[in-house]
file coords.txt (compact mmCIF, C-alpha atoms)
# COMPACT_ATOMS: atom_id res chain seq x y z
CA MET A 83 114.04 90.99 98.84
CA HIS A 84 116.79 92.98 97.12
CA ILE A 85 119.62 90.46 97.03
CA PRO A 86 122.86 92.45 97.54
CA ASP A 87 126.22 91.91 95.82
CA GLY A 88 128.18 89.05 97.34
CA TYR A 89 125.27 86.86 98.40
CA LEU A 90 124.91 84.95 95.14
CA GLY A 91 127.80 83.20 93.42
CA PRO A 92 128.81 83.95 89.82
CA ALA A 93 126.93 80.90 88.48
CA THR A 94 123.61 82.07 89.94
CA CYS A 95 124.16 85.71 88.93
CA GLY A 96 125.11 84.74 85.39
CA PHE A 97 122.23 82.28 85.09
CA PHE A 98 119.61 84.89 85.92
CA TYR A 99 121.11 87.50 83.60
CA VAL A 100 120.97 84.91 80.82
CA VAL A 101 117.34 84.15 81.69
CA MET A 102 116.33 87.81 81.91
CA VAL A 103 117.87 89.12 78.67
CA PRO A 104 115.37 87.31 76.39
CA ILE A 105 112.53 88.19 78.78
CA TRP A 106 113.44 91.88 78.54
CA ALA A 107 113.67 91.60 74.75
CA ILE A 108 110.27 89.91 74.46
CA ALA A 109 108.77 92.41 76.92
CA SER A 110 109.97 95.33 74.77
CA LYS A 111 108.48 93.75 71.66
CA ILE A 112 105.13 93.00 73.26
CA VAL A 113 104.85 96.38 74.96
CA LYS A 114 105.60 98.06 71.65
CA ARG A 115 102.80 96.09 70.02
CA THR A 116 100.13 96.25 72.73
CA LEU A 117 100.62 99.65 74.33
CA SER A 118 100.56 103.06 72.71
CA ALA A 119 102.74 106.13 73.15
CA LYS A 120 99.99 107.77 75.20
CA GLN A 121 100.35 105.09 77.87
CA VAL A 122 104.03 105.89 78.43
CA PRO A 123 103.29 108.43 81.21
CA LEU A 124 101.26 105.75 83.02
CA LEU A 125 104.17 103.34 82.57
CA ALA A 126 106.46 105.95 84.15
CA ILE A 127 104.05 106.35 87.06
CA GLY A 128 104.03 102.56 87.44
CA ALA A 129 107.84 102.43 87.64
CA VAL A 130 107.94 105.36 90.07
CA PHE A 131 105.15 103.86 92.22
CA SER A 132 107.04 100.59 92.50
CA PHE A 133 110.23 102.50 93.35
CA MET A 134 108.44 104.50 96.06
CA ILE A 135 106.53 101.69 97.73
CA MET A 136 109.76 99.72 98.15
CA MET A 137 111.09 102.60 100.30
CA PHE A 138 108.37 101.92 102.88
CA ASN A 139 110.20 99.40 105.01
CA VAL A 140 107.78 97.61 107.28
CA PRO A 141 109.32 96.45 110.54
CA ILE A 142 108.89 93.14 112.34
CA PRO A 143 109.43 94.43 115.91
CA GLY A 144 112.88 93.35 117.07
CA GLY A 145 113.41 91.47 113.83
CA SER A 146 113.93 92.31 110.21
CA THR A 147 112.17 94.58 107.74
CA GLY A 148 110.48 94.05 104.40
CA HIS A 149 108.30 95.88 101.94
CA ALA A 150 105.73 95.60 99.19
CA VAL A 151 106.74 95.84 95.52
CA GLY A 152 103.56 97.18 93.97
CA GLY A 153 104.24 95.07 90.91
CA VAL A 154 100.93 93.24 90.78
CA LEU A 155 99.07 96.56 90.66
CA VAL A 156 101.20 97.73 87.74
CA ALA A 157 100.59 94.39 86.00
CA ILE A 158 96.81 94.67 86.45
CA LEU A 159 96.79 98.18 84.98
CA LEU A 160 99.28 97.81 82.12
CA GLY A 161 99.74 94.09 81.61
CA PRO A 162 102.53 91.85 82.92
CA TRP A 163 105.07 92.63 80.19
CA ALA A 164 104.82 96.37 80.74
CA ALA A 165 105.04 95.76 84.49
CA CYS A 166 108.19 93.71 83.91
CA ILE A 167 109.85 96.68 82.22
CA ALA A 168 108.60 99.23 84.76
CA ILE A 169 109.77 97.22 87.79
CA THR A 170 113.10 96.47 86.08
CA VAL A 171 113.70 100.20 85.66
CA ALA A 172 112.91 100.79 89.36
CA LEU A 173 115.22 97.95 90.44
CA VAL A 174 118.08 99.13 88.23
CA VAL A 175 117.86 102.67 89.62
CA GLN A 176 117.74 101.29 93.18
CA ALA A 177 120.83 99.15 92.57
CA LEU A 178 122.92 101.74 90.73
CA LEU A 179 122.07 104.93 92.64
CA PHE A 180 121.21 103.65 96.10
CA GLY A 181 123.04 100.33 96.42
CA ASP A 182 119.68 98.66 97.18
CA GLY A 183 120.15 95.26 95.58
CA GLY A 184 123.46 94.26 94.03
CA ILE A 185 124.49 95.03 90.47
CA THR A 186 125.62 91.41 90.05
CA ALA A 187 122.19 90.34 91.32
CA ILE A 188 120.09 92.55 89.02
CA GLY A 189 119.25 89.50 86.90
CA ALA A 190 118.07 87.49 89.91
CA ASN A 191 116.25 90.39 91.56
CA CYS A 192 114.47 91.19 88.30
CA PHE A 193 113.55 87.54 87.79
CA ASN A 194 111.91 87.45 91.24
CA MET A 195 110.31 90.90 91.45
CA ALA A 196 109.95 92.05 87.82
CA PHE A 197 109.07 88.72 86.16
CA VAL A 198 107.63 86.09 88.51
CA LEU A 199 105.78 88.60 90.71
CA PRO A 200 103.83 90.54 88.05
CA PHE A 201 103.12 87.48 85.89
CA THR A 202 101.87 85.35 88.77
CA GLY A 203 99.82 88.23 90.09
CA TYR A 204 98.39 89.16 86.71
CA TYR A 205 97.14 85.69 85.82
CA ILE A 206 95.72 85.01 89.27
CA TYR A 207 93.88 88.33 89.03
CA LYS A 208 92.55 87.36 85.60
CA VAL A 209 91.30 83.99 86.86
CA VAL A 210 89.72 85.24 90.10
CA SER A 211 88.12 88.30 88.49
CA TYR A 212 87.02 86.38 85.38
CA GLY A 213 83.64 87.58 84.11
CA SER A 214 83.26 90.25 86.80
CA SER A 215 82.26 93.82 85.99
CA VAL A 216 84.79 96.63 86.33
CA SER A 217 83.08 97.96 89.46
CA SER A 218 82.56 94.61 91.21
CA ALA A 219 83.94 93.87 94.66
CA ARG A 220 85.39 90.66 93.28
CA ARG A 221 87.94 92.72 91.33
CA ALA A 222 89.41 94.24 94.48
CA VAL A 223 89.47 90.84 96.20
CA ALA A 224 91.10 89.29 93.14
CA ALA A 225 93.77 92.01 93.19
CA GLY A 226 94.50 91.35 96.86
CA VAL A 227 94.75 87.59 96.41
CA ALA A 228 96.94 88.03 93.32
CA ALA A 229 99.25 90.47 95.12
CA TYR A 230 99.60 88.18 98.15
CA ILE A 231 100.54 85.14 96.07
CA GLY A 232 102.76 87.12 93.67
CA LEU A 233 104.85 88.68 96.41
CA ASN A 234 105.19 85.42 98.31
CA LEU A 235 106.28 83.48 95.27
CA ALA A 236 108.96 86.09 94.59
CA ALA A 237 110.13 85.90 98.21
CA ILE A 238 110.22 82.09 98.13
CA LEU A 239 112.35 82.22 94.97
CA ALA A 240 114.74 84.68 96.61
CA GLY A 241 114.92 82.26 99.55
CA VAL A 242 115.80 79.38 97.23
CA GLU A 243 118.46 81.47 95.46
CA PHE A 244 120.02 82.48 98.79
CA GLY A 245 119.75 78.96 100.19
CA LEU A 246 121.41 77.19 97.27
CA GLN A 247 124.65 79.16 97.68
CA PRO A 248 126.27 77.12 100.48
CA LEU A 249 125.65 73.99 98.37
CA LEU A 250 127.11 75.53 95.23
CA HIS A 251 130.11 77.36 96.62
CA HIS A 252 132.09 76.50 99.74
CA THR A 253 135.73 76.35 100.75
CA ALA A 254 137.56 73.08 101.43
CA ASP A 255 136.85 73.41 105.16
CA GLY A 256 133.15 73.91 104.60
CA GLN A 257 132.85 77.70 104.96
CA ALA A 258 130.33 79.30 102.65
CA MET A 259 131.71 81.56 99.92
CA TYR A 260 128.57 83.67 99.50
CA CYS A 261 125.23 83.55 101.38
CA PRO A 262 126.11 81.56 104.50
CA TYR A 263 122.63 80.18 105.14
CA GLY A 264 121.33 77.03 103.49
CA LEU A 265 117.89 76.26 102.13
CA ASN A 266 116.27 75.33 105.44
CA VAL A 267 117.10 78.69 107.04
CA ALA A 268 116.84 80.96 103.99
CA LEU A 269 113.62 79.49 102.69
CA SER A 270 111.83 79.45 106.02
CA ALA A 271 112.93 83.01 106.82
CA MET A 272 111.96 84.46 103.44
CA ALA A 273 108.73 82.49 103.08
CA GLY A 274 107.75 82.93 106.74
CA GLU A 275 108.06 86.69 107.01
CA HIS A 276 106.41 87.33 103.65
CA LEU A 277 103.54 84.89 104.21
CA LEU A 278 102.90 86.31 107.68
CA ILE A 279 103.46 90.03 107.16
CA PHE A 280 104.80 91.58 103.97
CA GLY A 281 102.47 89.62 101.67
CA TRP A 282 99.50 91.17 103.45
CA ILE A 283 100.90 94.67 102.91
CA GLU A 284 101.15 94.01 99.17
CA ALA A 285 97.62 92.55 99.22
CA VAL A 286 96.02 95.45 101.10
CA VAL A 287 97.81 98.15 99.09
CA THR A 288 96.86 96.50 95.79
CA ALA A 289 93.23 95.85 96.75
CA LEU A 290 92.76 99.41 98.07
CA ALA A 291 94.35 100.90 94.97
CA ILE A 292 92.00 98.90 92.75
CA LYS A 293 89.03 99.95 94.89
CA TYR A 294 90.08 103.59 94.53
CA LEU A 295 90.55 103.28 90.76
CA GLN A 296 87.15 101.56 90.40
CA LYS A 297 85.60 104.78 91.71
CA GLN A 298 87.96 107.41 90.33
CA SER A 299 89.38 106.06 87.07
CA PRO A 300 87.51 102.91 85.99
CA GLU A 301 88.85 103.36 82.46
CA LEU A 302 92.28 102.22 83.70
CA LEU A 303 90.84 98.86 84.68
CA ARG A 304 89.67 98.18 81.17
CA GLU A 305 93.18 98.64 79.80
CA GLY A 306 96.14 96.37 80.21
CA GLU A 307 94.47 93.59 78.28
CA ILE A 308 96.67 91.49 76.08
CA MET B 1 91.71 116.57 86.71
CA LYS B 2 93.56 114.17 84.42
CA THR B 3 94.06 110.72 85.92
CA THR B 4 97.83 110.82 85.53
CA ASN B 5 98.00 114.15 87.38
CA LYS B 6 96.01 112.66 90.27
CA LEU B 7 98.38 109.71 90.36
CA TRP B 8 101.43 112.02 90.38
CA ILE B 9 99.94 113.80 93.40
CA GLY B 10 99.64 110.39 95.05
CA ILE B 11 103.34 109.79 94.33
CA ALA B 12 104.24 113.19 95.84
CA VAL B 13 102.33 112.25 99.01
CA MET B 14 104.33 108.99 99.13
CA VAL B 15 107.57 110.97 98.90
CA VAL B 16 106.60 113.17 101.86
CA LEU B 17 105.53 110.13 103.90
CA SER B 18 108.55 108.03 102.90
CA PRO B 19 110.54 108.64 106.13
CA LEU B 20 107.99 106.37 107.82
CA GLY B 21 109.89 103.56 106.11
CA LEU B 22 112.91 104.66 108.11
CA ILE B 23 111.39 105.83 111.39
CA LEU B 24 109.03 102.90 112.09
CA PRO B 25 111.74 100.22 111.79
CA ASP B 26 114.00 102.35 114.00
CA HIS B 27 111.36 102.73 116.71
CA LEU B 28 110.47 99.05 116.67
CA LYS B 29 114.13 98.00 116.69
CA ALA B 30 113.91 96.13 113.42
CA GLY B 31 117.20 95.53 111.65
CA SER B 32 118.10 94.88 108.02
CA ALA B 33 115.90 92.89 105.68
CA TRP B 34 116.75 89.18 105.66
CA GLY B 35 119.84 88.57 103.53
CA GLU B 36 120.69 92.26 103.21
CA TRP B 37 123.21 92.49 106.02
CA GLY B 38 126.58 94.22 105.78
CA SER B 39 129.79 92.17 106.22
CA GLU B 40 130.07 93.13 109.90
CA GLU B 41 126.59 91.87 110.65
CA VAL B 42 127.27 88.59 108.85
CA LYS B 43 130.42 88.12 110.91
CA LYS B 44 128.43 88.61 114.11
CA MET B 45 125.84 86.08 113.01
CA VAL B 46 127.92 83.23 111.59
CA GLY B 47 131.38 83.97 113.00
CA TYR B 48 133.13 84.69 109.70
CA VAL B 49 132.71 86.75 106.56
CA PRO B 50 132.34 84.46 103.54
CA GLU B 51 135.28 85.01 101.17
CA GLY B 52 133.25 85.78 98.05
CA LEU B 53 130.84 87.96 99.97
CA SER B 54 133.58 90.23 101.32
CA LYS B 55 135.06 90.59 97.82
CA ILE B 56 131.92 91.13 95.73
CA SER B 57 130.05 93.26 98.25
CA MET B 58 132.64 95.98 97.67
CA LEU B 59 132.19 95.87 93.89
CA TRP B 60 129.80 98.78 93.51
CA ASN B 61 130.00 102.11 95.27
CA ALA B 62 126.53 103.60 95.04
CA PRO B 63 126.47 107.42 95.05
CA ILE B 64 123.65 107.58 97.65
CA PRO B 65 124.12 104.35 99.62
CA ASP B 66 120.98 103.18 101.45
CA TYR B 67 119.12 106.40 100.59
CA ALA B 68 121.46 108.46 102.79
CA PHE B 69 124.24 110.85 101.88
CA LYS B 70 127.78 109.58 102.23
CA GLY B 71 129.23 110.31 105.65
CA TRP B 72 125.77 110.72 107.20
CA GLU B 73 125.71 107.24 108.77
CA GLU B 74 125.99 108.68 112.27
CA LYS B 75 123.45 111.47 111.84
CA GLY B 76 120.17 111.50 113.71
CA LEU B 77 116.79 110.39 112.41
CA THR B 78 115.76 113.91 111.46
CA GLN B 79 118.69 114.38 109.07
CA LEU B 80 118.34 110.83 107.78
CA SER B 81 114.64 111.45 107.12
CA PHE B 82 115.57 114.56 105.17
CA ALA B 83 118.10 112.55 103.14
CA TYR B 84 115.44 109.87 102.62
CA ILE B 85 113.01 112.41 101.14
CA ILE B 86 115.71 113.86 98.87
CA SER B 87 116.65 110.33 97.81
CA ALA B 88 113.01 109.57 97.04
CA ALA B 89 112.76 112.75 94.95
CA ILE B 90 115.97 111.94 93.04
CA GLY B 91 114.80 108.35 92.63
CA ILE B 92 111.44 109.24 91.12
CA VAL B 93 112.95 111.80 88.75
CA VAL B 94 115.57 109.34 87.50
CA THR B 95 113.17 106.37 87.37
CA GLY B 96 110.42 108.40 85.71
CA ALA B 97 112.79 109.97 83.17
CA LEU B 98 114.39 106.63 82.34
CA MET B 99 110.98 105.06 81.79
CA MET B 100 109.87 107.98 79.58
CA ILE B 101 113.05 107.66 77.50
CA ILE B 102 112.60 103.91 77.09
CA GLY B 103 108.96 104.54 76.13
CA LYS B 104 110.01 107.15 73.58
CA ILE B 105 112.52 104.75 72.02
CA LEU B 106 110.01 101.86 71.96
CA PHE B 107 107.23 103.80 70.31
CA LYS B 108 109.45 105.79 67.97
CA LYS B 109 110.50 102.63 66.14
CA LYS B 110 106.84 101.85 65.59
CA GLU B 111 106.13 104.82 63.35
call {"tool": "encode", "arguments": {"input": "coords.txt", "output": "structure tokens"}}
result
Amino acid sequence: MHIPDGYLGPATCGFFYVVMVPIWAIASKIVKRTLSAKQVPLLAIGAVFSFMIMMFNVPIPGGSTGHAVGGVLVAILLGPWAACIAITVALVVQALLFGDGGITAIGANCFNMAFVLPFTGYYIYKVVSYGSSVSSARRAVAAGVAAYIGLNLAAILAGVEFGLQPLLHHTADGQAMYCPYGLNVALSAMAGEHLLIFGWIEAVVTALAIKYLQKQSPELLREGEI
Amino acid sequence: MKTTNKLWIGIAVMVVLSPLGLILPDHLKAGSAWGEWGSEEVKKMVGYVPEGLSKISMLWNAPIPDYAFKGWEEKGLTQLSFAYIISAAIGIVVTGALMMIIGKILFKKKE
């Protein structure tokens, strides 16, 4: 889901940077207000966890690969705004150091994976786990459902961003300038493989992590409230 | 043990296991992620390299491209797995440090 350089036109890249700058600013403000300095190490672990889980490429035999983002878990533990910052840091390091995701696409990639994914996941988790106790099974299920929907929504958005490019930018003879595949192909590929496979990875990892934390560190599940 | 220490151990285990993210796709003949192809691959698929794509894709020269050392593209899986682990280690140090610095700045202003 890391859109590389050259797949999105300047209009799309610029648009998502413009959208993300105020989100990053608000996120910094809210994190400053709601978290404390002693949660910074946990925030660092969140960013590093997201970085690491994205290295686990899951293959579709004979096809493509994909991965989880871990962002819904970070959002459940620290709140969606903190997750936004943590995932942004992971995505920026991936783009700059490892060429994973384009530098022109950092705005778009962060919108999908560091904004839509943790926020969707966080609020679905809140709704599904509403009124449940910290140790209840419903919490783990809620985390899995939230992770599945969060990752898929991010993938669908990436599909839309890819798929709009041939409409937005093409040469006089109809050749695409950037991503060569239109909405029908891009959207069905991105949505299909995430709904069928990668979404489940995010769901299982998130649910298991919550189950583990319920036993080992239940205090973490009481934090992250806004 | 402190919770954060336990979680860091979990991260260390992930680093050691990370080559699975390289080896499994290789064994199951899975290619790039959708939309993350190089110019050559795009040319094979659609018959041409889109003009903007060929220009902008060259914009940034990452120091450790695709979690492998430069010039190691032709190396075997063992070396690539080694590079993958080193990349993971560098990645977590840089990501963790950056996040700690941002945290320091955020909470310093508060006092």
call {"tool": "interface_residues", "arguments": {"input": "coords.txt", "of": "chain B", "to": "chain A", "cutoff": "6 Å", "atoms": "only C-alpha atoms", "output": "list in words"}}
result
Gly21, Pro25, Leu28, Lys29, Ala30, Gly31, Ser32, Ala33, Pro50, Glu51, Gly52, Leu53, Ile56, Ser57, Ala62, Pro63, Ile64, Pro65, Asp66, Tyr67, Ile92, Thr95, Gly96, Met99, Gly103, Leu106 and Phe107 of chain B
call {"tool": "write_last_selection", "arguments": {"input": "coords.txt", "atoms": "C-alpha atoms", "output": "tab-separated table (two decimals), in the coordinates of the input"}}
result
chain	number	residue	atom	x	y	z
B	21	GLY	CA	109.89	103.56	106.11
B	25	PRO	CA	111.74	100.22	111.79
B	28	LEU	CA	110.47	99.05	116.67
B	29	LYS	CA	114.13	98.00	116.69
B	30	ALA	CA	113.91	96.13	113.42
B	31	GLY	CA	117.20	95.53	111.65
B	32	SER	CA	118.10	94.88	108.02
B	33	ALA	CA	115.90	92.89	105.68
B	50	PRO	CA	132.34	84.46	103.54
B	51	GLU	CA	135.28	85.01	101.17
B	52	GLY	CA	133.25	85.78	98.05
B	53	LEU	CA	130.84	87.96	99.97
B	56	ILE	CA	131.92	91.13	95.73
B	57	SER	CA	130.05	93.26	98.25
B	62	ALA	CA	126.53	103.60	95.04
B	63	PRO	CA	126.47	107.42	95.05
B	64	ILE	CA	123.65	107.58	97.65
B	65	PRO	CA	124.12	104.35	99.62
B	66	ASP	CA	120.98	103.18	101.45
B	67	TYR	CA	119.12	106.40	100.59
B	92	ILE	CA	111.44	109.24	91.12
B	95	THR	CA	113.17	106.37	87.37
B	96	GLY	CA	110.42	108.40	85.71
B	99	MET	CA	110.98	105.06	81.79
B	103	GLY	CA	108.96	104.54	76.13
B	106	LEU	CA	110.01	101.86	71.96
B	107	PHE	CA	107.23	103.80	70.31
call {"tool": "residues_around", "arguments": {"input": "coords.txt", "residues": "stretch 225-231 of chain A", "least_positions_apart": "4", "cutoff": "7 Å", "atoms": "only C-alpha atoms", "output": "list in words"}}
result
Val154, Gly203, Tyr204, Ile206, Tyr207, Arg221, Leu235, Gly281, Trp282, Glu284, Ala285, Val286, Thr288 and Ala289 of chain A
call {"tool": "atom_distance", "arguments": {"input": "coords.txt", "atom1": "atom CA of A:Cys192", "atom2": "atom CA of A:Ile283"}}
result
20.2 Å
call {"tool": "atom_distance", "arguments": {"input": "coords.txt", "atom1": "atom CA of A:Trp163", "atom2": "atom CA of A:Asn194"}}
result
14.0 Å
call {"tool": "atom_distance", "arguments": {"input": "coords.txt", "atom1": "atom CA of A:Ile238", "atom2": "atom CA of A:Ala273"}}
result
5.2 Å
call {"tool": "axis_aligned_box", "arguments": {"input": "coords.txt", "around": "stretch 216-223 of chain A", "padding_each_side": "8 Å", "output": "lines of an AutoDock Vina configuration file"}}
result
center_x = 86.0
center_y = 94.3
center_z = 91.3
size_x = 22.9
size_y = 23.3
size_z = 25.9
call {"tool": "closest_residue", "arguments": {"input": "coords.txt", "among": "A:Gly232, A:Gly161, A:Gly274, A:Pro300", "to": "B:Trp34", "atoms": "only C-alpha atoms"}}
result
A:Gly274
call {"tool": "closest_residue", "arguments": {"input": "coords.txt", "among": "B:Met1, B:Leu22, B:Ile11, B:Val42", "to": "B:Leu77", "atoms": "all atoms listed in the file"}}
result
B:Leu22
call {"tool": "closest_residue", "arguments": {"input": "coords.txt", "among": "A:Leu239, A:Ala187, A:Leu233, A:Ile105", "to": "A:His276", "atoms": "only C-alpha atoms"}}
result
A:Leu233
call {"tool": "closest_residue", "arguments": {"input": "coords.txt", "among": "A:Ala237, A:Tyr212, A:Leu160, A:Ala224", "to": "A:Val198", "atoms": "only C-alpha atoms"}}
result
A:Ala237
call {"tool": "decode", "arguments": {"input": "coords.txt", "residues": "stretch 31-46 of chain B", "atoms": "N, CA and C atoms", "output": "PDB file, in the first residue's frame"}}
result
ATOM      1  N   GLY B  31       5.183 -11.651  -6.509  1.00  0.00           N
ATOM      2  CA  GLY B  31       5.969 -10.498  -6.976  1.00  0.00           C
ATOM      3  C   GLY B  31       5.795  -9.281  -6.093  1.00  0.00           C
ATOM      4  N   SER B  32       5.892  -8.103  -6.724  1.00  0.00           N
ATOM      5  CA  SER B  32       5.758  -6.845  -5.982  1.00  0.00           C
ATOM      6  C   SER B  32       4.339  -6.691  -5.464  1.00  0.00           C
ATOM      7  N   ALA B  33       4.176  -5.779  -4.506  1.00  0.00           N
ATOM      8  CA  ALA B  33       2.833  -5.392  -4.085  1.00  0.00           C
ATOM      9  C   ALA B  33       2.173  -4.663  -5.254  1.00  0.00           C
ATOM     10  N   TRP B  34       0.838  -4.697  -5.287  1.00  0.00           N
ATOM     11  CA  TRP B  34       0.121  -4.040  -6.384  1.00  0.00           C
ATOM     12  C   TRP B  34       0.451  -2.545  -6.410  1.00  0.00           C
ATOM     13  N   GLY B  35       0.862  -2.055  -7.595  1.00  0.00           N
ATOM     14  CA  GLY B  35       1.147  -0.628  -7.723  1.00  0.00           C
ATOM     15  C   GLY B  35       2.532  -0.238  -7.264  1.00  0.00           C
ATOM     16  N   GLU B  36       3.366  -1.225  -6.924  1.00  0.00           N
ATOM     17  CA  GLU B  36       4.720  -0.896  -6.465  1.00  0.00           C
ATOM     18  C   GLU B  36       5.782  -1.486  -7.394  1.00  0.00           C
ATOM     19  N   TRP B  37       5.410  -1.581  -8.686  1.00  0.00           N
ATOM     20  CA  TRP B  37       6.335  -2.152  -9.649  1.00  0.00           C
ATOM     21  C   TRP B  37       7.387  -1.142 -10.074  1.00  0.00           C
ATOM     22  N   GLY B  38       8.554  -1.661 -10.512  1.00  0.00           N
ATOM     23  CA  GLY B  38       9.563  -0.806 -11.126  1.00  0.00           C
ATOM     24  C   GLY B  38       9.162  -0.517 -12.568  1.00  0.00           C
ATOM     25  N   SER B  39       9.848   0.456 -13.194  1.00  0.00           N
ATOM     26  CA  SER B  39       9.514   0.853 -14.572  1.00  0.00           C
ATOM     27  C   SER B  39       9.515  -0.330 -15.535  1.00  0.00           C
ATOM     28  N   GLU B  40      10.510  -1.218 -15.386  1.00  0.00           N
ATOM     29  CA  GLU B  40      10.616  -2.371 -16.291  1.00  0.00           C
ATOM     30  C   GLU B  40       9.366  -3.246 -16.226  1.00  0.00           C
ATOM     31  N   GLU B  41       8.928  -3.487 -14.994  1.00  0.00           N
ATOM     32  CA  GLU B  41       7.741  -4.320 -14.800  1.00  0.00           C
ATOM     33  C   GLU B  41       6.506  -3.677 -15.429  1.00  0.00           C
ATOM     34  N   VAL B  42       6.393  -2.354 -15.258  1.00  0.00           N
ATOM     35  CA  VAL B  42       5.241  -1.646 -15.836  1.00  0.00           C
ATOM     36  C   VAL B  42       5.263  -1.797 -17.350  1.00  0.00           C
ATOM     37  N   LYS B  43       6.451  -1.676 -17.922  1.00  0.00           N
ATOM     38  CA  LYS B  43       6.567  -1.791 -19.377  1.00  0.00           C
ATOM     39  C   LYS B  43       6.098  -3.168 -19.846  1.00  0.00           C
ATOM     40  N   LYS B  44       6.477  -4.193 -19.096  1.00  0.00           N
ATOM     41  CA  LYS B  44       6.052  -5.556 -19.446  1.00  0.00           C
ATOM     42  C   LYS B  44       4.541  -5.692 -19.376  1.00  0.00           C
ATOM     43  N   MET B  45       3.932  -5.013 -18.394  1.00  0.00           N
ATOM     44  CA  MET B  45       2.499  -5.201 -18.183  1.00  0.00           C
ATOM     45  C   MET B  45       1.637  -4.394 -19.141  1.00  0.00           C
ATOM     46  N   VAL B  46       2.006  -3.125 -19.378  1.00  0.00           N
ATOM     47  CA  VAL B  46       1.121  -2.304 -20.214  1.00  0.00           C
ATOM     48  C   VAL B  46       1.748  -1.904 -21.551  1.00  0.00           C
TER      49      VAL B  46
END
